[in-house]
Amino acid sequence: MLAYERFGEGAPLVLIHGLGHRRQAWYPVAHLLAPHRDLILVDLPGHGASPDFEPRGRSFRDYLQDEFAALYAHLGLERPHVAGNSLGGLIALESAVRGQSSSVTALSPAGFWRGDGYMAYIKGLFNLGVTVTSVARPVIPALAWTGAGRTLMYSWITARPGRIERRAAVEDARALVRAQAAVRAALSETDYAFGSPLPDGVPVTIGWGTRDRVLCPSQGRRARKQLPGATHAWLPGCGHVPMSDRPRLIADFILRGSAGSLLPDQESLTAVS
């Protein structure tokens, strides 16, 4: 069973982190969401406190689908709201296609790059991150103590790495090392394109950080063309993992996406930030 924690009040909202991260990625916004949503924060297989990565012959995507189906059955969840970041955003979008969600909010979701060149870039970025973090483990606590050190560690995924709390910076690095088997397994696959039509009646909101260095904003523009039935917005001043960059903006974005009152354009998003 995937590791999770559950707290808050209101309609159930499942929060899914990205590749190499952990459920605590949502902590910067959780206290803002909890008064309004019953939050279920989940660790992906091989990540955080979840069991080791053991697909047993299944593709990475099929493995994830099976694990989330088992978790939903265990928790008695029927079509919860789902929000995800990066790989978690792709999982969230696919949950809508499978009829497993009442709404989807995706932050820089995977699945919208094209070509072998960009896949090579993604593989290189994550493999480098895992390798460097593994080698640097003895000095990570010292690096995380200063804003400059956190900038060195996390400027590739966040726009404002100095805002990451010191302890979170250390634990995030340890989580990346622990997840390296799952990360490398995921990167060994190439079929990550999201190509399914969105079902009617499931509100989908997609936000993209204007300073995303992992899945660059051009993929956000591609998502707009590919999914015209979704509501799209830029997330000003945000990187690939935006929760600590602008917590109130991201919390409001998720609340609006999971309530069906969707943001129509970037100007509205700026107005509520």
# chains A, B, ... in the order shown; residues from 1 in each chain; ligands from 1
$ residues_around --residues "A:Leu39" --least-positions-apart "6" --cutoff "8 Å" --atoms "only C-alpha atoms" --output "ChimeraX atom specification"
/A:5-9,12-15,30,33
$ select_by_dssp --residues "stretch 83-261 of chain A" --states "strand (DSSP E)" --output "PyMOL selection string"
chain A and resi 83-85+103-107+204-209+231-235
$ closest_atom_pairs --of "stretch 212-242 of chain A" --to "stretch 81-105 of chain A" --cutoff "9 Å" --atoms "only C-alpha atoms" --output "Markdown table"
| residue | atom | partner | partner_atom | distance |
| --- | --- | --- | --- | --- |
| A:Leu215 | CA | A:Ser86 | CA | 8.1 |
| A:His240 | CA | A:Ser86 | CA | 7.5 |
| A:Val241 | CA | A:Asn85 | CA | 6.9 |
| A:Pro242 | CA | A:Asn85 | CA | 8.6 |
$ atom_distance --atom1 "atom CA of A:Thr133" --atom2 "atom CA of A:Ala173"
6.5 Å
$ residues_around --residues "A:Leu176" --least-positions-apart "2" --cutoff "10 Å" --atoms "only C-alpha atoms" --output "PyMOL selection string"
chain A and resi 19-22+47-48+126+129-131+133-134+171-174+178-183
$ residues_around --residues "stretch 61-73 of chain A" --least-positions-apart "4" --cutoff "10 Å" --atoms "only C-alpha atoms" --output "MDAnalysis selection string"
chainID A and resid 1:4 14 42 44:45 53:57 77:80 90:91 94:95 98 100 186 189 191:192
$ residues_around --residues "stretch 243-253 of chain A" --least-positions-apart "5" --cutoff "7 Å" --atoms "only C-alpha atoms" --output "list in words"
Trp26, Pro28, Val29, Leu32, Leu33, Thr158, Ala159, Arg160, Arg163, Ile164, Cys238 and Ser273 of chain A
$ select_by_dssp --residues "stretch 33-98 of chain A" --states "alpha helix (DSSP H)" --output "PyMOL selection string"
chain A and resi 33+60-75+87-97
$ residues_around --residues "stretch 229-231 of chain A" --least-positions-apart "3" --cutoff "10 Å" --atoms "only C-alpha atoms" --output "list in words"
Val104, Thr105, Pro197, Leu198, Pro199, Asp200, Val202, Pro203, Val204, Thr205, Ile206, Gly207, Ala223, Arg224, Lys225, Gln226, Gly257, Leu262, Leu263, Pro264 and Asp265 of chain A
$ closest_residue --among "A:Arg256, A:His17, A:Arg58, A:His31" --to "A:Asp43" --atoms "only C-alpha atoms"
A:His17
